>>> print(open('run36.cif').read())   # mmCIF, C-alpha atoms
data_input
#
loop_
_atom_site.label_atom_id
_atom_site.label_comp_id
_atom_site.auth_asym_id
_atom_site.auth_seq_id
_atom_site.Cartn_x
_atom_site.Cartn_y
_atom_site.Cartn_z
CA LEU A 7 9.18 14.06 -89.51
CA SER A 8 7.90 14.80 -86.00
CA ARG A 9 4.78 12.72 -86.63
CA LEU A 10 6.84 9.87 -88.06
CA ALA A 11 9.22 10.05 -85.09
CA SER A 12 6.26 9.91 -82.72
CA ASP A 13 4.78 6.98 -84.65
CA ALA A 14 8.16 5.27 -84.60
CA ALA A 15 8.32 5.68 -80.82
CA VAL A 16 4.83 4.22 -80.46
CA LEU A 17 5.70 1.37 -82.78
CA ASP A 18 8.92 0.77 -80.87
CA GLY A 19 6.92 0.37 -77.67
CA GLU A 20 4.42 -1.87 -79.36
CA SER A 21 7.26 -3.91 -80.83
CA ARG A 22 8.79 -4.45 -77.43
CA THR A 23 5.39 -5.42 -76.09
CA ALA A 24 4.87 -7.79 -78.99
CA ALA A 25 8.31 -9.33 -78.52
CA ALA A 26 7.63 -9.86 -74.85
CA ARG A 27 4.27 -11.36 -75.68
CA ALA A 28 5.85 -13.65 -78.29
CA THR A 29 8.41 -14.83 -75.74
CA THR A 30 5.62 -15.51 -73.28
CA LEU A 31 3.71 -17.43 -75.91
CA GLU A 32 6.79 -19.50 -76.76
CA VAL A 33 7.24 -20.38 -73.10
CA GLU A 34 3.58 -21.23 -72.81
CA ALA A 35 3.79 -23.31 -75.97
CA ALA A 36 6.74 -25.24 -74.57
CA GLN A 37 4.82 -25.81 -71.37
CA VAL A 38 1.78 -26.94 -73.34
CA GLU A 39 3.94 -29.33 -75.35
CA GLU A 40 5.32 -30.77 -72.13
CA ARG A 41 1.82 -31.17 -70.73
CA LEU A 42 0.69 -32.68 -73.99
CA ALA A 43 3.55 -35.17 -73.96
CA GLU A 44 2.72 -36.04 -70.39
CA ALA A 45 -0.95 -36.45 -71.28
CA LEU A 46 -0.10 -38.73 -74.21
CA ARG A 47 2.12 -40.83 -71.98
CA ARG A 48 -0.63 -41.03 -69.40
CA ARG A 49 -3.16 -41.94 -72.09
CA ARG A 50 -0.96 -44.78 -73.28
CA GLU A 51 -0.66 -46.01 -69.73
CA LEU A 52 -4.43 -45.84 -69.26
CA VAL A 53 -5.04 -47.63 -72.56
CA ALA A 54 -2.60 -50.32 -71.59
CA ASP A 55 -4.11 -50.69 -68.15
CA SER A 56 -7.79 -50.64 -69.24
CA GLY A 57 -7.51 -52.40 -72.58
CA LEU A 58 -9.69 -49.78 -74.24
CA GLU A 59 -9.05 -48.35 -77.72
CA ALA A 60 -7.87 -44.75 -77.80
CA VAL A 61 -9.55 -42.37 -80.22
CA ASP A 62 -7.59 -39.32 -81.49
CA ARG A 63 -9.96 -36.41 -81.86
CA LEU A 64 -9.29 -32.66 -81.67
CA ASP A 65 -12.14 -30.22 -81.85
CA PRO A 66 -11.21 -27.25 -84.09
CA LEU A 67 -11.75 -23.62 -82.97
CA PRO A 68 -14.81 -21.77 -84.19
CA ALA A 69 -14.27 -20.00 -87.49
CA GLU A 70 -14.80 -16.49 -86.08
CA GLU A 71 -12.31 -17.01 -83.21
CA LEU A 72 -9.77 -18.63 -85.54
CA GLU A 73 -9.96 -15.70 -87.97
CA ALA A 74 -9.55 -13.18 -85.15
CA HIS A 75 -6.46 -14.93 -83.78
CA SER A 76 -4.97 -15.25 -87.24
CA ALA A 77 -5.48 -11.56 -87.97
CA THR A 78 -3.86 -10.63 -84.63
CA VAL A 79 -0.85 -12.84 -85.30
CA GLU A 80 -0.38 -11.39 -88.79
CA ARG A 81 -0.65 -7.81 -87.52
CA LEU A 82 1.89 -8.42 -84.77
CA GLU A 83 4.28 -10.12 -87.18
CA ARG A 84 4.08 -7.16 -89.58
CA ARG A 85 4.76 -4.66 -86.77
CA GLN A 86 7.66 -6.73 -85.48
CA ALA A 87 9.16 -6.86 -88.93
CA ALA A 88 8.71 -3.08 -89.38
CA LEU A 89 10.34 -2.27 -86.02
CA GLY A 90 13.49 -4.15 -86.78
CA ALA A 91 15.97 -5.39 -84.22
CA VAL A 92 15.48 -4.65 -80.50
CA ASN A 93 18.14 -2.47 -78.73
CA PRO A 94 20.29 -4.97 -76.80
CA LEU A 95 21.61 -2.18 -74.48
CA ALA A 96 18.17 -1.05 -73.34
CA ALA A 97 18.38 -2.98 -70.07
CA GLN A 98 21.85 -1.55 -69.29
CA GLU A 99 20.74 1.99 -70.12
CA TYR A 100 17.70 1.53 -67.90
CA GLU A 101 19.87 0.43 -64.98
CA GLU A 102 22.21 3.42 -65.48
CA ALA A 103 19.24 5.78 -65.57
CA GLN A 104 17.93 4.23 -62.36
CA ALA A 105 21.32 4.69 -60.69
CA ARG A 106 21.44 8.37 -61.73
CA ALA A 107 17.90 8.89 -60.48
CA ALA A 108 18.84 7.35 -57.12
CA ASP A 109 21.88 9.68 -56.85
CA VAL A 110 19.78 12.73 -57.65
CA ALA A 111 17.14 11.67 -55.12
CA GLU A 112 19.84 11.30 -52.47
CA GLN A 113 21.25 14.76 -53.27
CA ILE A 114 17.77 16.27 -53.08
CA ALA A 115 17.23 14.65 -49.68
CA ASP A 116 20.58 16.07 -48.46
CA LEU A 117 19.71 19.55 -49.72
CA GLU A 118 16.29 19.44 -48.11
CA GLY A 119 17.88 18.40 -44.82
CA ALA A 120 20.41 21.25 -45.07
CA LEU A 121 17.60 23.69 -45.88
CA ARG A 122 15.64 22.59 -42.82
CA GLU A 123 18.76 22.99 -40.68
CA LEU A 124 19.38 26.49 -42.08
CA ARG A 125 15.80 27.51 -41.40
CA ARG A 126 16.08 26.21 -37.84
CA LEU A 127 19.34 28.13 -37.39
CA ILE A 128 17.76 31.31 -38.78
CA ARG A 129 14.87 30.99 -36.33
CA GLU A 130 17.26 30.48 -33.42
CA LEU A 131 19.44 33.42 -34.48
CA SER A 132 16.41 35.65 -34.96
CA THR A 133 15.17 34.76 -31.50
CA GLU A 134 18.62 35.36 -30.01
CA ILE A 135 19.04 38.69 -31.83
CA ARG A 136 15.59 39.84 -30.76
CA GLY A 137 16.25 38.85 -27.16
CA ARG A 138 19.60 40.65 -27.05
CA PHE A 139 18.13 43.71 -28.73
CA ASP A 140 15.26 43.89 -26.24
CA ALA A 141 17.66 43.51 -23.31
CA THR A 142 20.06 46.17 -24.65
CA PHE A 143 17.21 48.50 -25.56
CA GLY A 144 15.82 48.22 -22.04
CA LEU A 145 19.21 49.11 -20.54
CA VAL A 146 19.77 52.03 -22.93
CA GLN A 147 16.24 53.30 -22.30
CA ALA A 148 16.73 53.30 -18.53
CA ASN A 149 20.18 54.91 -18.82
CA PHE A 150 18.89 57.56 -21.21
CA ALA A 151 16.18 58.60 -18.78
CA GLU A 152 18.78 58.83 -16.00
CA VAL A 153 21.30 60.85 -18.05
CA VAL A 154 18.61 63.21 -19.36
CA GLY A 155 17.65 63.91 -15.76
CA THR A 156 21.26 65.01 -15.15
CA LEU A 157 21.66 67.15 -18.27
CA PHE A 158 18.11 68.58 -18.11
CA PRO A 159 17.34 69.19 -14.43
CA GLY A 160 13.65 68.59 -13.96
CA GLY A 161 13.30 67.30 -17.53
CA ARG A 162 12.41 63.90 -18.87
CA GLY A 163 13.62 61.70 -21.68
CA ARG A 164 12.79 58.30 -23.11
CA LEU A 165 13.42 56.07 -26.08
CA ARG A 166 10.73 54.32 -28.04
CA LEU A 167 10.61 51.98 -30.99
CA VAL A 168 9.08 53.34 -34.19
CA GLU A 169 7.72 51.04 -36.83
CA PRO A 170 8.77 51.86 -40.44
CA ALA A 171 6.35 54.25 -42.09
CA PRO A 172 4.35 52.81 -45.02
CA ALA A 173 5.19 54.14 -48.46
CA VAL A 174 2.57 56.53 -49.82
CA ALA A 175 1.92 56.24 -53.55
CA GLY A 176 1.63 59.49 -55.46
CA ALA A 177 -1.01 60.38 -57.97
CA ASP A 178 1.37 59.75 -60.84
CA ASP A 179 2.59 56.38 -59.55
CA GLU A 180 1.62 53.39 -61.60
CA ALA A 181 -0.72 50.85 -60.06
CA PRO A 182 0.95 47.59 -59.01
CA ALA A 183 0.59 44.70 -61.36
CA GLU A 184 -1.88 41.96 -60.57
CA GLY A 185 -0.34 39.41 -58.22
CA ALA A 186 2.45 41.82 -57.13
CA PRO A 187 2.98 42.57 -53.39
CA ASP A 188 1.20 45.57 -51.92
CA ALA A 189 3.31 48.69 -52.47
CA ASP A 190 1.86 50.34 -49.33
CA GLY A 191 3.40 47.75 -47.01
CA PRO A 192 6.96 48.07 -45.69
CA PRO A 193 9.62 45.67 -46.93
CA GLU A 194 9.87 42.47 -44.97
CA ASP A 195 13.53 43.06 -44.02
CA GLU A 196 13.00 46.66 -42.78
CA GLU A 197 13.64 47.02 -39.06
CA PRO A 198 11.90 49.40 -36.65
CA GLY A 199 13.71 52.62 -35.72
CA VAL A 200 14.52 54.21 -32.37
CA GLU A 201 13.20 57.68 -31.61
CA LEU A 202 14.53 59.98 -28.87
CA GLU A 203 12.08 62.02 -26.84
CA VAL A 204 13.44 64.85 -24.67
CA GLN A 205 11.19 67.05 -22.54
CA PRO A 206 13.06 69.93 -20.86
CA ALA A 207 11.52 71.30 -17.70
CA GLY A 208 8.76 73.83 -18.36
CA LYS A 209 8.54 73.15 -22.11
CA GLN A 210 5.97 71.32 -24.19
CA ILE A 211 8.10 69.59 -26.84
CA THR A 212 6.33 67.59 -29.51
CA SER A 213 9.33 67.05 -31.79
CA LEU A 214 13.12 67.18 -31.53
CA GLY A 215 13.11 69.60 -34.44
CA ILE A 216 11.86 72.46 -32.27
CA LEU A 217 14.64 72.05 -29.70
CA SER A 218 17.45 74.58 -29.67
CA GLY A 219 20.91 73.67 -30.93
CA GLY A 220 22.23 73.29 -27.39
CA GLU A 221 19.29 71.11 -26.35
CA LYS A 222 19.79 68.89 -29.38
CA ALA A 223 23.48 68.55 -28.51
CA LEU A 224 22.59 67.62 -24.92
CA GLY A 225 20.10 65.03 -26.20
CA ALA A 226 22.77 63.47 -28.42
CA ILE A 227 25.24 63.46 -25.52
CA ALA A 228 22.63 61.80 -23.30
CA PHE A 229 22.09 59.06 -25.87
CA LEU A 230 25.85 58.54 -26.24
CA PHE A 231 26.30 58.13 -22.49
CA ALA A 232 23.27 55.83 -22.31
CA LEU A 233 24.96 53.57 -24.85
CA MET A 234 28.21 53.79 -22.89
CA LEU A 235 26.52 52.62 -19.71
CA ALA A 236 24.85 49.71 -21.52
CA ARG A 237 27.92 48.59 -23.51
CA PRO A 238 31.06 50.22 -22.06
CA CYS A 239 34.10 50.90 -24.28
CA PRO A 240 37.71 51.57 -23.20
CA PHE A 241 37.73 55.14 -24.52
CA TYR A 242 35.51 57.68 -26.31
CA VAL A 243 36.40 60.49 -28.72
CA LEU A 244 34.12 63.55 -28.49
CA ASP A 245 34.65 66.10 -31.23
CA GLU A 246 33.40 69.53 -30.07
CA VAL A 247 30.18 68.11 -28.71
CA GLU A 248 29.80 71.10 -26.37
CA ALA A 249 30.42 73.76 -29.04
CA ALA A 250 26.74 74.82 -29.03
CA LEU A 251 26.37 74.79 -25.23
CA ASP A 252 26.31 77.75 -22.91
CA ASP A 253 28.31 77.90 -19.68
CA ALA A 254 25.60 76.28 -17.54
CA ASN A 255 25.14 73.35 -19.93
CA ILE A 256 28.91 72.95 -20.29
CA GLU A 257 29.08 72.56 -16.50
CA ARG A 258 26.41 69.84 -16.68
CA PHE A 259 28.30 68.11 -19.47
CA LEU A 260 31.56 68.26 -17.54
CA SER A 261 29.90 66.93 -14.40
CA LEU A 262 28.63 63.98 -16.46
CA VAL A 263 32.11 63.32 -17.85
CA ASP A 264 33.63 63.58 -14.38
CA ARG A 265 31.00 61.17 -13.09
CA PHE A 266 32.01 58.42 -15.53
CA ARG A 267 35.71 59.20 -16.04
CA ASP A 268 36.65 56.24 -13.86
CA ARG A 269 34.88 53.86 -16.30
CA ALA A 270 36.44 55.03 -19.57
CA GLN A 271 38.96 57.46 -21.00
CA PHE A 272 37.46 60.53 -22.71
CA ILE A 273 39.36 62.22 -25.52
CA VAL A 274 37.64 65.57 -26.10
CA ILE A 275 38.40 67.90 -29.00
CA THR A 276 37.34 71.34 -27.81
CA HIS A 277 37.87 75.08 -27.96
CA GLN A 278 36.03 75.71 -24.67
CA GLN A 279 38.23 76.88 -21.82
CA ARG A 280 35.94 75.29 -19.22
CA THR A 281 36.33 71.90 -20.86
CA MET A 282 40.10 72.31 -20.98
CA GLY A 283 40.08 73.13 -17.29
CA ALA A 284 38.38 69.81 -16.48
CA ALA A 285 40.96 67.75 -18.36
CA ASP A 286 43.84 65.81 -16.86
CA ALA A 287 46.14 66.59 -19.80
CA LEU A 288 46.08 68.97 -22.74
CA TYR A 289 47.46 68.35 -26.22
CA GLY A 290 47.67 71.11 -28.77
CA VAL A 291 49.02 71.52 -32.28
CA THR A 292 50.81 74.72 -33.25
CA MET A 293 52.66 75.83 -36.34
CA ALA A 294 55.83 77.89 -36.09
CA GLY A 295 57.17 80.29 -38.68
CA ASP A 296 58.91 77.50 -40.56
CA GLY A 297 55.55 75.90 -41.38
CA VAL A 298 56.23 72.75 -39.34
CA SER A 299 53.47 71.58 -37.00
CA LYS A 300 54.40 70.76 -33.43
CA VAL A 301 52.45 68.90 -30.79
CA LEU A 302 52.48 70.46 -27.33
CA SER A 303 51.30 68.66 -24.21
CA ARG A 304 50.70 69.77 -20.66
CA ARG A 305 49.48 67.77 -17.68
CA LEU A 306 47.16 69.86 -15.54
CA PRO A 307 47.25 69.94 -11.74
CA ARG A 308 44.41 68.42 -9.79
CA SER A 309 43.64 71.58 -7.81
CA ALA A 310 40.80 73.65 -9.23
CA GLU A 311 42.53 76.93 -8.31
CA GLU A 312 45.73 75.88 -10.01
CA ARG A 313 43.77 74.91 -13.10
CA ARG A 314 42.05 78.30 -13.16
CA LEU A 315 45.33 80.20 -12.90
CA LEU A 316 46.95 78.03 -15.54
CA LEU A 317 44.13 78.56 -17.99
CA GLU A 318 43.78 82.31 -17.59
CA PRO A 319 43.81 84.00 -21.03
CA ALA A 320 47.05 85.84 -20.19
CA SER A 321 48.86 82.56 -19.59
CA VAL A 322 47.45 80.59 -22.47
#
>>> encode(input="run36.cif", output="structure tokens")
Amino acid sequence: LSRLASDAAVLDGESRTAAARATTLEVEAAQVEERLAEALRRRRELVADSGLEAVDRLDPLPAEELEAHSATVERLERRQAALGAVNPLAAQEYEEAQARAADVAEQIADLEGALRELRRLIRELSTEIRGRFDATFGLVQANFAEVVGTLFPGGRGRLRLVEPAPAVAGADDEAPAEGAPDADGPPEDEEPGVELEVQPAGKQITSLGILSGGEKALGAIAFLFALMLARPCPFYVLDEVEAALDDANIERFLSLVDRFRDRAQFIVITHQQRTMGAADALYGVTMAGDGVSKVLSRRLPRSAEERRLLLEPASV
């Protein structure tokens, strides 16, 4: 059936070609008849004008050429008869198909234009994001070095970008398939990280992991304030950030808060009496015997001596 369908399609094409050729031959035959009629009229005029006798003589085609033409005509007639009638809606269907193809081509052109515009926008946004990131990173880096100098007298601190580490394949990992991307390379959408380096005075620190708990807390506080200086916010909530600090480091932390308290409001959750003494107002939650929590508030005086007396353990 498939072979017959294919043959039928071929024969259909040949039939259309034969029909077109037959139409052409009919037109040519009509034209030849017109020329022949004109020639006969002209011959009669020439005979009448010259007085000569006209001789009708037609030279026949050679036998081989006549047989070849006859065989071709018979073959084409048989194929035309086998193909049957020609589809009268073929021209209309062809025009409709052309119209659909034109619509699809127009849609493809629109989509390609939109894709180019999106790619241009992505490039512009990537450039803008990278520029803003570099500018912000430069500010945070400078602020971090300054704040570390305050929290670690004589120490140093800096930020640096760290490229994503390549994945290391284990011995039991399967080899990547042929044509697959290299497994050792980082993903294309992975961004570089930011690493904090803190060098207290008199110490050789090669990693943040060997810092003490208080030094790590001071490093985190320094990074927080570096971000605050680069992109200020109205207020900050610090939840027991000085819990691991000794008295000297708490004083450095409080001096840093006091230095920037005019730029933002600091809400500090703490159990340290020194931190409470540096606050403008205290808020506490207590529970009475009835099991109901109550919020107590107290605004502290500005005088340091009054703060000390107010926060003595006997009066708390």
>>> atom_distance(input="run36.cif", atom1="atom CA of A:Asp18", atom2="atom CA of A:Gln104")
20.9 Å
>>> atom_distance(input="run36.cif", atom1="atom CA of A:Leu230", atom2="atom CA of A:Gly137")
21.9 Å
>>> resolve_selection(input="run36.cif", expression="the PyMOL selection byres ((chain A and resi 257) around 12)", output="compact mmCIF listing (two decimals) with C-alpha atoms, in the coordinates of the input")
# COMPACT_ATOMS: atom_id res chain seq x y z
CA THR A 156 21.26 65.01 -15.15
CA LEU A 157 21.66 67.15 -18.27
CA PHE A 158 18.11 68.58 -18.11
CA LEU A 224 22.59 67.62 -24.92
CA GLU A 248 29.80 71.10 -26.37
CA LEU A 251 26.37 74.79 -25.23
CA ASP A 252 26.31 77.75 -22.91
CA ASP A 253 28.31 77.90 -19.68
CA ALA A 254 25.60 76.28 -17.54
CA ASN A 255 25.14 73.35 -19.93
CA ILE A 256 28.91 72.95 -20.29
CA ARG A 258 26.41 69.84 -16.68
CA PHE A 259 28.30 68.11 -19.47
CA LEU A 260 31.56 68.26 -17.54
CA SER A 261 29.90 66.93 -14.40
CA LEU A 262 28.63 63.98 -16.46
CA VAL A 263 32.11 63.32 -17.85
CA ASP A 264 33.63 63.58 -14.38
CA GLN A 278 36.03 75.71 -24.67
CA GLN A 279 38.23 76.88 -21.82
CA ARG A 280 35.94 75.29 -19.22
CA THR A 281 36.33 71.90 -20.86
CA MET A 282 40.10 72.31 -20.98
CA GLY A 283 40.08 73.13 -17.29
CA ALA A 284 38.38 69.81 -16.48
>>> resolve_selection(input="run36.cif", expression="the PyMOL selection byres ((chain A and resi 91-99) around 12)", output="JSON, numbers by chain")
{"A": [17, 18, 19, 20, 21, 22, 23, 24, 25, 26, 85, 86, 87, 88, 89, 90, 100, 101, 102, 103, 104, 105, 106]}
>>> atom_distance(input="run36.cif", atom1="atom CA of A:Phe150", atom2="atom CA of A:Thr133")
25.3 Å
>>> resolve_selection(input="run36.cif", expression="the PyMOL selection byres ((chain A and resi 274) around 9)", output="ChimeraX atom specification")
/A:242-247,272-273,275-276,281-282,285
>>> write_last_selection(input="run36.cif", atoms="C-alpha atoms", output="compact mmCIF listing (two decimals), in the coordinates of the input")
# COMPACT_ATOMS: atom_id res chain seq x y z
CA TYR A 242 35.51 57.68 -26.31
CA VAL A 243 36.40 60.49 -28.72
CA LEU A 244 34.12 63.55 -28.49
CA ASP A 245 34.65 66.10 -31.23
CA GLU A 246 33.40 69.53 -30.07
CA VAL A 247 30.18 68.11 -28.71
CA PHE A 272 37.46 60.53 -22.71
CA ILE A 273 39.36 62.22 -25.52
CA ILE A 275 38.40 67.90 -29.00
CA THR A 276 37.34 71.34 -27.81
CA THR A 281 36.33 71.90 -20.86
CA MET A 282 40.10 72.31 -20.98
CA ALA A 285 40.96 67.75 -18.36
>>> axis_aligned_box(input="run36.cif", around="stretch 134-141 of chain A", padding_each_side="5 Å", output="JSON")
{"center_x": 17.4, "center_y": 39.6, "center_z": -27.6, "size_x": 14.3, "size_y": 18.5, "size_z": 18.5}
>>> closest_residue(input="run36.cif", among="A:Val204, A:Ala115, A:Ala28, A:Leu167", to="A:Val153", atoms="only C-alpha atoms")
A:Val204
>>> residues_around(input="run36.cif", residues="A:Leu233", least_positions_apart="3", cutoff="10 Å", atoms="all atoms listed in the file", output="VMD selection string")
chain A and resid 142 to 143 145 to 147 149 to 150 227 to 230 236 to 239
>>> closest_residue(input="run36.cif", among="A:Val301, A:Leu7, A:Ala111, A:Leu306", to="A:Ala287", atoms="only C-alpha atoms")
A:Leu306
>>> closest_residue(input="run36.cif", among="A:Val79, A:Leu235, A:Val168, A:Leu217", to="A:Glu197", atoms="all atoms listed in the file")
A:Val168
>>> decode(input="run36.cif", residues="stretch 130-144 of chain A", atoms="N, CA, C and O atoms", output="PDB file, in the first residue's frame")
ATOM      1  N   GLU A 130      22.782  44.217  29.146  1.00  0.00           N
ATOM      2  CA  GLU A 130      22.775  45.501  29.856  1.00  0.00           C
ATOM      3  C   GLU A 130      22.584  45.303  31.355  1.00  0.00           C
ATOM      4  O   GLU A 130      23.261  45.948  32.170  1.00  0.00           O
ATOM      5  N   LEU A 131      21.639  44.405  31.728  1.00  0.00           N
ATOM      6  CA  LEU A 131      21.409  44.166  33.154  1.00  0.00           C
ATOM      7  C   LEU A 131      22.632  43.524  33.812  1.00  0.00           C
ATOM      8  O   LEU A 131      22.975  43.866  34.954  1.00  0.00           O
ATOM      9  N   SER A 132      23.269  42.603  33.098  1.00  0.00           N
ATOM     10  CA  SER A 132      24.467  41.974  33.662  1.00  0.00           C
ATOM     11  C   SER A 132      25.558  43.003  33.887  1.00  0.00           C
ATOM     12  O   SER A 132      26.236  42.996  34.928  1.00  0.00           O
ATOM     13  N   THR A 133      25.726  43.898  32.917  1.00  0.00           N
ATOM     14  CA  THR A 133      26.731  44.949  33.082  1.00  0.00           C
ATOM     15  C   THR A 133      26.381  45.869  34.241  1.00  0.00           C
ATOM     16  O   THR A 133      27.244  46.244  35.054  1.00  0.00           O
ATOM     17  N   GLU A 134      25.095  46.234  34.351  1.00  0.00           N
ATOM     18  CA  GLU A 134      24.661  47.101  35.442  1.00  0.00           C
ATOM     19  C   GLU A 134      24.836  46.420  36.798  1.00  0.00           C
ATOM     20  O   GLU A 134      25.321  47.037  37.768  1.00  0.00           O
ATOM     21  N   ILE A 135      24.449  45.143  36.869  1.00  0.00           N
ATOM     22  CA  ILE A 135      24.577  44.404  38.137  1.00  0.00           C
ATOM     23  C   ILE A 135      26.038  44.290  38.533  1.00  0.00           C
ATOM     24  O   ILE A 135      26.411  44.478  39.698  1.00  0.00           O
ATOM     25  N   ARG A 136      26.889  43.983  37.550  1.00  0.00           N
ATOM     26  CA  ARG A 136      28.312  43.840  37.864  1.00  0.00           C
ATOM     27  C   ARG A 136      28.908  45.170  38.333  1.00  0.00           C
ATOM     28  O   ARG A 136      29.687  45.220  39.290  1.00  0.00           O
ATOM     29  N   GLY A 137      28.501  46.263  37.649  1.00  0.00           N
ATOM     30  CA  GLY A 137      29.006  47.568  38.058  1.00  0.00           C
ATOM     31  C   GLY A 137      28.577  47.942  39.464  1.00  0.00           C
ATOM     32  O   GLY A 137      29.387  48.427  40.272  1.00  0.00           O
ATOM     33  N   ARG A 138      27.290  47.716  39.769  1.00  0.00           N
ATOM     34  CA  ARG A 138      26.809  48.037  41.122  1.00  0.00           C
ATOM     35  C   ARG A 138      27.460  47.144  42.167  1.00  0.00           C
ATOM     36  O   ARG A 138      27.778  47.599  43.278  1.00  0.00           O
ATOM     37  N   PHE A 139      27.640  45.876  41.828  1.00  0.00           N
ATOM     38  CA  PHE A 139      28.282  44.971  42.783  1.00  0.00           C
ATOM     39  C   PHE A 139      29.718  45.411  43.058  1.00  0.00           C
ATOM     40  O   PHE A 139      30.154  45.440  44.221  1.00  0.00           O
ATOM     41  N   ASP A 140      30.455  45.766  42.015  1.00  0.00           N
ATOM     42  CA  ASP A 140      31.840  46.195  42.215  1.00  0.00           C
ATOM     43  C   ASP A 140      31.897  47.459  43.070  1.00  0.00           C
ATOM     44  O   ASP A 140      32.749  47.582  43.957  1.00  0.00           O
ATOM     45  N   ALA A 141      30.969  48.410  42.786  1.00  0.00           N
ATOM     46  CA  ALA A 141      30.969  49.642  43.566  1.00  0.00           C
ATOM     47  C   ALA A 141      30.642  49.367  45.035  1.00  0.00           C
ATOM     48  O   ALA A 141      31.307  49.879  45.950  1.00  0.00           O
ATOM     49  N   THR A 142      29.598  48.549  45.269  1.00  0.00           N
ATOM     50  CA  THR A 142      29.212  48.225  46.655  1.00  0.00           C
ATOM     51  C   THR A 142      30.303  47.427  47.357  1.00  0.00           C
ATOM     52  O   THR A 142      30.593  47.660  48.531  1.00  0.00           O
ATOM     53  N   PHE A 143      30.903  46.488  46.632  1.00  0.00           N
ATOM     54  CA  PHE A 143      31.963  45.680  47.242  1.00  0.00           C
ATOM     55  C   PHE A 143      33.151  46.554  47.625  1.00  0.00           C
ATOM     56  O   PHE A 143      33.766  46.364  48.689  1.00  0.00           O
ATOM     57  N   GLY A 144      33.479  47.536  46.790  1.00  0.00           N
ATOM     58  CA  GLY A 144      34.571  48.438  47.142  1.00  0.00           C
ATOM     59  C   GLY A 144      34.273  49.233  48.403  1.00  0.00           C
ATOM     60  O   GLY A 144      35.151  49.402  49.265  1.00  0.00           O
TER      61      GLY A 144
END
